[in-house]
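Printed here is work.cif (mmCIF, C-alpha atoms):
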data_my_file
#
loop_
_atom_site.label_atom_id
_atom_site.label_comp_id
_atom_site.auth_asym_id
_atom_site.auth_seq_id
_atom_site.Cartn_x
_atom_site.Cartn_y
_atom_site.Cartn_z
CA MET Y 609 0.00 0.00 0.00
CA LYS Y 610 2.81 2.38 0.92
CA LYS Y 611 4.55 1.64 -2.37
CA LEU Y 612 1.32 2.35 -4.26
CA VAL Y 613 0.82 5.71 -2.51
CA ALA Y 614 4.46 6.63 -3.11
CA SER Y 615 4.10 5.76 -6.79
CA ILE Y 616 0.97 7.90 -7.13
CA LEU Y 617 2.65 10.84 -5.42
CA SER Y 618 5.70 10.48 -7.66
CA LEU Y 619 3.50 10.48 -10.76
CA ALA Y 620 1.61 13.58 -9.51
CA VAL Y 621 4.85 15.47 -8.91
CA ALA Y 622 6.19 14.42 -12.29
CA ALA Y 623 2.97 15.51 -13.97
CA GLY Y 624 3.09 18.86 -12.20
CA LEU Y 625 6.68 19.42 -13.26
CA GLY Y 626 5.79 18.40 -16.79
CA VAL Y 627 2.95 20.91 -16.93
CA SER Y 628 5.23 23.64 -15.55
CA ILE Y 629 7.88 22.89 -18.18
CA ALA Y 630 5.26 22.77 -20.92
CA THR Y 631 3.82 26.10 -19.77
CA ALA Y 632 7.25 27.70 -19.75
CA GLN Y 633 7.94 26.32 -23.22
CA GLU Y 634 4.60 27.68 -24.48
CA ASP Y 635 5.36 31.13 -23.08
CA HIS Y 636 8.81 31.06 -24.67
CA ALA Y 637 7.39 29.89 -27.97
CA ALA Y 638 4.68 32.56 -27.85
CA GLY Y 639 7.29 35.25 -27.29
CA GLY Y 640 9.31 34.10 -30.27
CA ALA Y 641 6.26 33.68 -32.44
CA GLU Y 642 5.32 37.33 -32.02
CA ALA Y 643 8.03 38.10 -34.51
CA GLU Y 644 7.25 35.14 -36.78
CA HIS Y 645 3.45 35.26 -36.49
CA ALA Y 646 3.39 31.50 -35.89
CA THR Y 647 1.81 31.22 -32.45
CA GLN Y 648 -1.63 29.76 -31.83
CA HIS Y 649 -1.52 30.38 -28.09
CA PHE Y 650 -3.69 33.27 -26.91
CA PRO Y 651 -3.46 35.59 -25.19
CA ILE Y 652 0.09 36.19 -26.39
CA ASN Y 653 0.77 38.14 -23.19
CA HIS Y 654 -0.91 37.19 -19.93
CA PRO Y 655 -2.88 39.98 -18.19
CA ARG Y 656 -0.86 42.28 -15.95
CA GLU Y 657 -1.82 41.83 -12.32
CA GLN Y 658 -3.03 45.11 -10.78
CA GLU Y 659 -3.80 46.32 -7.29
CA TRP Y 660 -7.51 46.60 -6.53
CA SER Y 661 -9.26 47.89 -3.43
CA PHE Y 662 -11.61 44.89 -3.51
CA ALA Y 663 -8.83 42.29 -3.57
CA GLY Y 664 -8.21 39.92 -0.68
CA PRO Y 665 -10.53 38.57 2.01
CA PHE Y 666 -11.19 42.04 3.48
CA GLY Y 667 -11.27 44.06 0.26
CA THR Y 668 -14.00 46.63 -0.38
CA TYR Y 669 -15.11 48.67 -3.36
CA ASP Y 670 -13.86 52.25 -3.71
CA ARG Y 671 -17.11 54.18 -4.28
CA GLY Y 672 -15.32 57.10 -5.88
CA GLN Y 673 -13.65 54.76 -8.35
CA LEU Y 674 -16.95 53.05 -9.12
CA GLN Y 675 -18.59 56.39 -9.87
CA ARG Y 676 -15.75 57.30 -12.20
CA GLY Y 677 -16.04 53.88 -13.85
CA LEU Y 678 -19.76 54.42 -14.39
CA LYS Y 679 -18.94 57.72 -16.08
CA VAL Y 680 -16.44 56.03 -18.41
CA TYR Y 681 -18.95 53.31 -19.23
CA THR Y 682 -21.81 55.70 -20.00
CA GLU Y 683 -19.69 58.12 -22.05
CA VAL Y 684 -17.54 55.60 -23.93
CA CYS Y 685 -18.55 51.94 -23.61
CA ALA Y 686 -22.36 52.28 -23.63
CA ALA Y 687 -22.31 53.32 -27.29
CA CYS Y 688 -21.63 49.67 -28.19
CA HIS Y 689 -21.93 47.49 -25.08
CA SER Y 690 -25.13 46.74 -23.18
CA MET Y 691 -25.61 45.82 -19.52
CA ASP Y 692 -28.90 43.99 -19.74
CA LEU Y 693 -28.73 42.49 -16.25
CA VAL Y 694 -27.96 45.68 -14.30
CA ALA Y 695 -30.89 47.73 -13.00
CA PHE Y 696 -30.58 51.47 -12.46
CA ARG Y 697 -31.75 51.13 -8.86
CA THR Y 698 -28.56 49.23 -7.96
CA LEU Y 699 -26.56 52.41 -8.60
CA GLY Y 700 -27.58 53.46 -5.09
CA ASP Y 701 -24.82 51.10 -3.92
CA LEU Y 702 -22.31 53.44 -5.57
CA GLY Y 703 -23.25 56.24 -3.19
CA TYR Y 704 -25.98 57.96 -5.21
CA SER Y 705 -29.23 59.11 -3.63
CA ASP Y 706 -32.63 57.90 -4.82
CA ALA Y 707 -33.23 61.25 -6.54
CA GLN Y 708 -29.89 61.04 -8.35
CA VAL Y 709 -30.62 57.50 -9.50
CA LYS Y 710 -34.04 58.55 -10.77
CA THR Y 711 -32.54 61.49 -12.67
CA PHE Y 712 -29.80 59.29 -14.14
CA ALA Y 713 -32.30 56.66 -15.31
CA ALA Y 714 -34.48 59.30 -16.96
CA ASN Y 715 -31.64 60.03 -19.41
CA TYR Y 716 -32.38 56.72 -21.11
CA GLU Y 717 -35.28 55.65 -23.29
CA VAL Y 718 -36.68 52.12 -22.92
CA GLU Y 719 -39.26 50.22 -24.90
CA ASP Y 720 -42.50 49.38 -23.11
CA GLY Y 721 -45.94 48.13 -23.94
CA PRO Y 722 -48.07 47.12 -25.53
CA ASN Y 723 -50.45 50.00 -24.91
CA ALA Y 724 -54.23 49.94 -25.22
CA ASP Y 725 -53.88 49.85 -29.02
CA GLY Y 726 -51.54 46.88 -28.88
CA GLU Y 727 -48.49 48.88 -29.90
CA MET Y 728 -45.07 49.13 -28.28
CA PHE Y 729 -43.85 52.56 -27.23
CA THR Y 730 -40.81 54.20 -25.66
CA ARG Y 731 -40.66 56.10 -22.39
CA PRO Y 732 -38.01 57.53 -20.06
CA ALA Y 733 -36.44 54.83 -17.92
CA ILE Y 734 -37.17 54.52 -14.21
CA PRO Y 735 -34.94 53.02 -11.48
CA SER Y 736 -36.50 49.56 -11.83
CA ASP Y 737 -35.49 49.39 -15.50
CA ARG Y 738 -32.20 47.95 -16.69
CA PHE Y 739 -29.55 49.58 -18.83
CA PRO Y 740 -30.94 49.40 -22.38
CA SER Y 741 -28.95 47.97 -25.28
CA PRO Y 742 -27.68 50.48 -27.85
CA PHE Y 743 -28.89 48.13 -30.61
CA PRO Y 744 -32.36 46.67 -31.21
CA ASN Y 745 -31.04 43.11 -31.64
CA HIS Y 746 -27.92 40.96 -31.97
CA GLU Y 747 -27.89 41.13 -35.76
CA ALA Y 748 -28.02 44.92 -35.78
CA ALA Y 749 -25.14 45.03 -33.27
CA ALA Y 750 -23.02 42.77 -35.48
CA ALA Y 751 -23.86 44.71 -38.64
CA ALA Y 752 -22.75 47.97 -37.01
CA ASN Y 753 -19.43 46.49 -35.82
CA ASN Y 754 -17.88 44.72 -38.82
CA GLY Y 755 -19.77 41.50 -38.15
CA ALA Y 756 -18.70 41.15 -34.49
CA ALA Y 757 -21.48 41.93 -32.01
CA PRO Y 758 -20.05 43.63 -28.88
CA PRO Y 759 -20.52 41.43 -25.78
CA ASP Y 760 -22.85 42.40 -22.98
CA PHE Y 761 -20.96 43.92 -20.02
CA SER Y 762 -23.21 42.70 -17.18
CA LEU Y 763 -20.98 39.75 -16.22
CA ILE Y 764 -17.91 40.43 -18.34
CA ALA Y 765 -15.58 40.85 -15.34
CA LYS Y 766 -16.43 37.34 -14.12
CA ALA Y 767 -16.53 35.73 -17.57
CA ARG Y 768 -13.20 36.96 -18.93
CA GLY Y 769 -10.72 35.75 -16.33
CA ILE Y 770 -7.66 34.11 -17.93
CA THR Y 771 -6.57 30.75 -16.50
CA ARG Y 772 -3.20 31.23 -14.82
CA GLY Y 773 -2.11 27.59 -15.03
CA PHE Y 774 -0.05 25.38 -12.75
CA PRO Y 775 1.42 26.09 -10.25
CA GLN Y 776 0.04 29.65 -10.01
CA PHE Y 777 -3.56 28.55 -9.55
CA VAL Y 778 -2.53 26.59 -6.45
CA PHE Y 779 -1.20 29.76 -4.81
CA ASP Y 780 -4.35 31.62 -5.92
CA ILE Y 781 -6.41 29.31 -3.72
CA PHE Y 782 -4.58 30.57 -0.63
CA THR Y 783 -4.29 34.22 -1.69
CA GLN Y 784 -7.96 34.20 -2.77
CA TYR Y 785 -7.08 35.75 -6.10
CA GLN Y 786 -10.31 36.55 -7.94
CA GLU Y 787 -9.33 39.62 -9.93
CA GLY Y 788 -8.57 37.83 -13.20
CA GLY Y 789 -11.45 39.56 -14.98
CA PRO Y 790 -10.53 43.14 -14.01
CA ASP Y 791 -6.85 42.40 -14.73
CA TYR Y 792 -7.80 41.14 -18.18
CA ILE Y 793 -10.07 44.10 -18.97
CA TYR Y 794 -7.44 46.59 -17.82
CA SER Y 795 -4.69 44.87 -19.81
CA LEU Y 796 -6.85 44.72 -22.93
CA LEU Y 797 -7.85 48.39 -22.76
CA THR Y 798 -4.25 49.54 -22.29
CA GLY Y 799 -2.60 46.91 -24.49
CA TYR Y 800 -3.25 48.20 -28.00
CA GLN Y 801 -0.03 48.57 -29.98
CA ASP Y 802 1.41 48.35 -33.46
CA PRO Y 803 1.98 44.75 -34.57
CA PRO Y 804 5.58 43.53 -34.41
CA ALA Y 805 7.67 43.41 -37.56
CA GLY Y 806 6.53 40.64 -39.86
CA VAL Y 807 3.11 40.29 -38.22
CA GLU Y 808 0.08 41.15 -40.30
CA VAL Y 809 -3.45 41.52 -38.97
CA ALA Y 810 -6.66 41.29 -40.91
CA GLU Y 811 -8.13 44.45 -42.33
CA GLY Y 812 -10.48 46.12 -39.90
CA THR Y 813 -8.85 44.54 -36.84
CA HIS Y 814 -6.41 45.94 -34.27
CA TYR Y 815 -3.39 44.22 -32.77
CA ASN Y 816 -3.58 43.55 -29.04
CA PRO Y 817 -1.42 40.79 -27.45
CA TYR Y 818 -3.73 40.64 -24.41
CA PHE Y 819 -6.82 39.61 -26.38
CA ALA Y 820 -7.91 36.13 -25.35
CA ASN Y 821 -9.07 34.78 -28.72
CA ALA Y 822 -6.62 36.06 -31.34
CA ALA Y 823 -3.75 38.44 -31.97
CA ALA Y 824 -6.15 41.19 -33.05
CA LEU Y 825 -9.76 42.19 -32.46
CA ALA Y 826 -12.37 44.22 -34.27
CA MET Y 827 -12.70 46.85 -31.53
CA ALA Y 828 -10.32 49.78 -31.91
CA ALA Y 829 -8.70 51.30 -28.84
CA PRO Y 830 -11.71 52.93 -27.14
CA LEU Y 831 -9.87 55.18 -24.68
CA SER Y 832 -7.65 58.23 -25.05
CA ASP Y 833 -6.31 60.79 -22.61
CA ASP Y 834 -8.74 63.57 -21.56
CA GLN Y 835 -11.62 61.75 -23.24
CA VAL Y 836 -13.77 61.74 -20.07
CA THR Y 837 -13.88 64.66 -17.66
CA TYR Y 838 -13.64 63.70 -13.98
CA ASP Y 839 -15.20 65.91 -11.34
CA ASP Y 840 -13.04 64.71 -8.44
CA GLY Y 841 -9.65 65.68 -9.84
CA ALA Y 842 -8.54 62.13 -10.68
CA PRO Y 843 -6.04 61.83 -13.57
CA GLN Y 844 -7.75 61.84 -16.95
CA THR Y 845 -5.49 59.24 -18.53
CA VAL Y 846 -6.04 55.96 -20.35
CA ASP Y 847 -4.50 54.10 -17.43
CA GLN Y 848 -6.89 55.68 -14.92
CA TYR Y 849 -9.92 55.24 -17.17
CA ALA Y 850 -9.05 51.55 -17.63
CA HIS Y 851 -8.65 51.00 -13.88
CA ASP Y 852 -11.93 52.75 -13.08
CA VAL Y 853 -14.12 51.07 -15.69
CA SER Y 854 -12.60 47.65 -14.84
CA ALA Y 855 -13.50 48.15 -11.18
CA PHE Y 856 -17.02 49.27 -12.14
CA LEU Y 857 -17.52 46.18 -14.30
CA MET Y 858 -16.35 44.00 -11.41
CA TRP Y 859 -19.01 45.63 -9.24
CA ALA Y 860 -21.64 45.11 -11.96
CA ALA Y 861 -20.76 41.41 -12.11
CA GLU Y 862 -20.59 40.94 -8.34
CA PRO Y 863 -22.40 43.75 -6.48
CA HIS Y 864 -22.65 41.68 -3.29
CA LEU Y 865 -18.93 40.96 -3.03
CA GLU Y 866 -18.49 42.91 0.22
CA ALA Y 867 -21.45 41.19 1.89
CA ARG Y 868 -20.15 37.81 0.76
CA LYS Y 869 -16.74 38.50 2.29
CA ARG Y 870 -18.27 39.69 5.57
CA THR Y 871 -20.43 36.59 5.74
CA GLY Y 872 -17.47 34.36 4.97
CA PHE Y 873 -15.39 35.99 7.70
CA MET Y 874 -18.17 35.56 10.27
CA VAL Y 875 -18.59 31.92 9.26
CA MET Y 876 -14.85 31.29 9.74
CA VAL Y 877 -14.95 32.97 13.17
CA PHE Y 878 -17.96 30.85 14.11
CA LEU Y 879 -16.22 27.66 12.99
CA VAL Y 880 -13.11 28.50 15.02
CA ILE Y 881 -15.17 29.19 18.15
CA PHE Y 882 -17.34 26.12 17.55
CA THR Y 883 -14.26 23.94 17.15
CA GLY Y 884 -12.87 25.27 20.43
CA LEU Y 885 -16.13 24.56 22.22
CA ILE Y 886 -16.24 21.03 20.83
CA TYR Y 887 -12.68 20.43 22.04
CA LEU Y 888 -13.43 21.79 25.53
CA THR Y 889 -16.61 19.75 25.72
CA LYS Y 890 -14.73 16.62 24.76
CA LYS Y 891 -12.12 17.27 27.43
CA SER Y 892 -14.81 17.89 30.07
CA VAL Y 893 -16.83 14.80 29.20
CA TYR Y 894 -13.87 12.44 29.07
CA ALA Y 895 -11.72 14.04 31.80
CA ASN Y 896 -12.56 11.35 34.38
CA LYS Y 897 -12.89 8.49 31.94
CA GLU Y 898 -10.28 5.79 31.70
CA HIS Y 899 -8.78 5.48 28.25
#
Structure translated into structure tokens:
Amino acid sequence: MKKLVASILSLAVAAGLGVSIATAQEDHAAGGAEAEHATQHFPINHPREQEWSFAGPFGTYDRGQLQRGLKVYTEVCAACHSMDLVAFRTLGDLGYSDAQVKTFAANYEVEDGPNADGEMFTRPAIPSDRFPSPFPNHEAAAAANNGAAPPDFSLIAKARGITRGFPQFVFDIFTQYQEGGPDYIYSLLTGYQDPPAGVEVAEGTHYNPYFANAAALAMAAPLSDDQVTYDDGAPQTVDQYAHDVSAFLMWAAEPHLEARKRTGFMVMVFLVIFTGLIYLTKKSVYANKEH
């Protein structure tokens, strides 16, 4: 039995080392293939890990950053990307009053109906409505964007995390790393560049080594310095815009993150206390018993 367990452990270690070597070889090959345009491994560059206020077991959202991110989304991203699962009323979590949320929602038009004549009509949005799509349907969205319909942003920060591979994912379990989506979005928004020498991209696409599906994507770089005016004096740079909108999209995907972390912490405290009580009870019950 001991020999069998030892053999299994040896095979597991060998497999882990093999995966690590293979990963390193893939990264090396990807780096060389940038010049030769021969790689099929995407993203070419892994997302750059950033510092986020909501990271870690005690992380919380920065309300000021979320408000700036909402501003970037509404003034830049909303022209192409919908957020069909996010209701206006949830913006109160960003620090806005009910009156402010109502005023903000009224800036949008939503389809409603049918009316008494059986016809659909449009009206100003109210807090219970969700962010409307800029296009009437998927086909119209694709037609307006060179055949590639822009993805919905409701859950994009949870859906676009890049797998970090072995052995990094093992450490992520203990560090509670869950910022892969925001890291990816930030890296993509700030990663546009001219293709390396010898690399050609299809017409109508734009080279970005952080894109998860190819070396180039249909969306052009959406951000530029001084594109969005901030009211709180924050830097009006591409880097700041990318950080802010990535944080906002993380909130949109997981608005209850802070409550989840508080609940998890209380559960861990309860389990520690409960374990201590069980141990003390066991000692008390069996103190005078012969073993």
Please report as CSV every residue of segment 644-760 of chain Y lying within 9 Å of segment 831-842 of chain Y, along with the nearest atom pair and their distance in Å (one decimal), using only C-alpha atoms.
residue,atom,partner,partner_atom,distance
Y:Gly672,CA,Y:Asp840,CA,8.3
Y:Arg676,CA,Y:Tyr838,CA,7.0
Y:Lys679,CA,Y:Val836,CA,7.7
Y:Val680,CA,Y:Val836,CA,6.5
Y:Glu683,CA,Y:Val836,CA,7.2
Y:Val684,CA,Y:Leu831,CA,7.7
- Task: Determine, counting only C-alpha atoms, which protein, DNA and RNA residues have an atom within 7 Å of an atom of segment 730-735 of chain Y; residues of the same chain fewer than 5 positions away are not included. Present the result as a PyMOL selection string.
- Result: chain Y and resi 695-697+709-710+713-720
- Task: On this file, the PyMOL selection byres ((chain Y and resi 678) around 10) gives some set of residues; write that set as a list in words.
- Result: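 That expression, the PyMOL selection byres ((chain Y and resi 678) around 10), corresponds here to Gly672, Gln673, Leu674, Gln675, Arg676, Gly677, Lys679, Val680, Tyr681, Thr682, Glu683, Val684, Cys685, Ala686, Leu699, Leu702, Asp852, Val853, Ser854, Ala855, Phe856, Leu857 and Ala860 of chain Y.
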- Query: What does the distance between atom CA of Pro759 of chain Y and atom CA of Ala820 of chain Y come to in Å, to one decimal place?
  - Reply: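 Atom-to-atom, atom CA of Pro759 of chain Y to atom CA of Ala820 of chain Y, that is 13.7 Å.
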- Tell me which of Y:Asp706, Y:Glu659, Y:Glu811, Y:Asp670 sits closest to Asn754 of chain Y, counting only C-alpha atoms.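 Among the listed residues, Y:Glu811 lies closest to Asn754 of chain Y.
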- Distance query Ala749 of chain Y at most 12 Å, only C-alpha atoms, self and fewer than 5 positions along chain excluded, as number ranges by chain: Y: 687-690, 741-744, 754-760
- Query: Can you tell me, as a PyMOL selection string, what residues are no more than 10 Å from Gly667 of chain Y when counting all atoms listed in the file, ignoring any on the same chain fewer than 2 positions away?
  - Reply: chain Y and resi 660-665+669-670+865-866+869-870
- By how many Å are atom CA of Phe666 of chain Y and atom CA of Gly789 of chain Y apart?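 These two atoms are separated by 18.6 Å.
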- Task: Grab the atom CA of Val846 of chain Y to atom CA of Pro655 of chain Y distance for me, in Å with one decimal place.
- Result: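 These atoms are spaced 16.4 Å apart.
Counting only C-alpha atoms and comparing Y:Glu727, Y:Asn653, Y:Thr668, Y:Gln776, the residue that lies closest to Ser795 of chain Y is Y:Asn653.
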- Note on the structure: Residue with the minimum atom-to-atom distance to Leu763 of chain Y, picked from Y:Pro790, Y:Met728, Y:Lys897, Y:Arg656 with only C-alpha atoms counted, is Y:Pro790
- Task: Run through the PyMOL selection byres ((chain Y and resi 823-827) around 8) on the given coordinates and return the selected residues as a count of residues only.
- Result: 21
- Query: Which is closer to Ala861 of chain Y than all the others in Y:Pro775, Y:His746, Y:Asn723, Y:Glu787, using only C-alpha atoms?
  - Reply: Y:Glu787
- Top pick for closest residue to Asp692 of chain Y, considering Y:Leu796, Y:Ile764, Y:Ala707, Y:Ala752 and counting all atoms listed in the file: Y:Ile764
